[in-house]
Amino acid sequence: MTHQYIKQLLLFITLTLTLGVFSVSKAVAADLVAPQLAIERASTKLRENLEDENFTKDFAKINMFVEEVINPHMDFNKIASLVVGKFWRRATEEEKTKFKQEFKTLLVRTYSRAFVDFDDWTIRFLPLNMEKSVRKVKNTQAVTVKTEILQPGKRPFAINYRMWLVDGKWKVYDIMIEGISLVKNYRTSIGTRIKKAGSNLTTVTEYLSKKNSTALTDKEGNS
């Protein structure tokens, strides 16, 4: 599996998690346990939005939609700290807040690009026994939700969602695609840029902000 293919899978699966591109039948959904339902729930909202043909061309609408859907299902505090790694402990609260916002916007921009490129996919949830699978992590519970992505004429590929319980809700803090971690993928690129900036998180955040602003301008100009 090439690096570029892995990167595409990482982007695609993150998209499908937060925007619910995969279809799951109501009968199957009824048999899912809480962490699985947290992943599946967004699909209905997406299907409703896809009825509007202009939706996928409107970056502002996509941004608003992702803000609405992504927050309940992903723990951005945890993801940001894992992506930044050891530099996170050295950052101020203001630096952390600004980085999280720009990193989230980066993902939104990625989703908007890939939004209409994937269709005819289904997700198969593998059995999850909560009594046997839930483990203790710090002061909460964690579990790995295992799925397979199915596409006609192609072999299934494995997607595992690492989730933990935050204020009574199951949230994703990492995604594994055929054993490749989304967090590690971003940590490599972000970490390299932080080191080049002399361990300065603000410099990296400003870089992301500039890229996000440019992308937004381009989107609006092409709409």
# chains A, B, ... in the order shown; residues from 1 in each chain; ligands from 1
>>> residues_around(residues="Arg187 of chain A", least_positions_apart="5", cutoff="9 Å", atoms="only C-alpha atoms", output="VMD selection string")
chain A and resid 82 to 85 182 192
>>> atom_distance(atom1="atom CA of Arg162 of chain A", atom2="atom CA of Met64 of chain A")
25.3 Å
>>> select_by_dssp(residues="segment 124-165 of chain A", states="helix (DSSP H, G or I)", output="VMD selection string")
chain A and resid 130 to 133
>>> closest_residue(among="A:Val145, A:Ile194, A:Ile177, A:Leu165", to="Leu128 of chain A", atoms="only C-alpha atoms")
A:Val145
>>> residues_around(residues="Lys146 of chain A", least_positions_apart="3", cutoff="7 Å", atoms="only C-alpha atoms", output="ChimeraX atom specification")
/A:125-126,159-161
>>> closest_residue(among="A:Ile123, A:Gln151, A:Thr214, A:Leu201", to="Arg90 of chain A", atoms="only C-alpha atoms")
A:Leu201
>>> residues_around(residues="segment 96-102 of chain A", least_positions_apart="2", cutoff="9 Å", atoms="only C-alpha atoms", output="VMD selection string")
chain A and resid 76 to 77 79 to 81 88 91 to 94 104 to 107 201 to 202 204 to 206 208 to 209 212
>>> write_last_selection(atoms="C-alpha atoms", output="mmCIF file, in the first residue's frame")
data_model
loop_
_atom_site.group_PDB
_atom_site.id
_atom_site.type_symbol
_atom_site.label_atom_id
_atom_site.label_comp_id
_atom_site.auth_asym_id
_atom_site.auth_seq_id
_atom_site.Cartn_x
_atom_site.Cartn_y
_atom_site.Cartn_z
ATOM 1 C CA PHE A 76 -10.826 17.424 19.423
ATOM 2 C CA ASN A 77 -9.108 18.180 22.711
ATOM 3 C CA ILE A 79 -6.936 14.595 18.988
ATOM 4 C CA ALA A 80 -5.130 17.940 19.069
ATOM 5 C CA SER A 81 -2.985 16.920 22.023
ATOM 6 C CA TRP A 88 1.261 20.295 23.638
ATOM 7 C CA ALA A 91 1.733 25.424 24.862
ATOM 8 C CA THR A 92 -0.446 27.979 26.637
ATOM 9 C CA GLU A 93 -4.223 27.585 26.785
ATOM 10 C CA GLU A 94 -4.594 30.337 24.210
ATOM 11 C CA LYS A 104 -10.538 21.617 12.742
ATOM 12 C CA THR A 105 -10.889 24.090 9.875
ATOM 13 C CA LEU A 106 -8.131 22.222 8.033
ATOM 14 C CA LEU A 107 -10.179 19.037 8.281
ATOM 15 C CA LEU A 201 3.084 26.120 18.085
ATOM 16 C CA THR A 202 1.903 29.651 17.289
ATOM 17 C CA VAL A 204 2.404 26.458 12.947
ATOM 18 C CA THR A 205 -1.085 27.707 13.823
ATOM 19 C CA GLU A 206 -0.475 30.852 11.769
ATOM 20 C CA LEU A 208 -2.597 26.646 9.096
ATOM 21 C CA SER A 209 -4.639 29.837 9.405
ATOM 22 C CA ASN A 212 -7.358 27.893 5.598
#
>>> atom_distance(atom1="atom CA of Ala197 of chain A", atom2="atom CA of Phe87 of chain A")
11.6 Å
>>> closest_residue(among="A:Phe65, A:Phe157, A:Tyr207, A:Trp170", to="Ile190 of chain A", atoms="only C-alpha atoms")
A:Tyr207
>>> residues_around(residues="segment 134-141 of chain A", least_positions_apart="3", cutoff="9 Å", atoms="only C-alpha atoms", output="ChimeraX atom specification")
/A:129-131,144,163-166
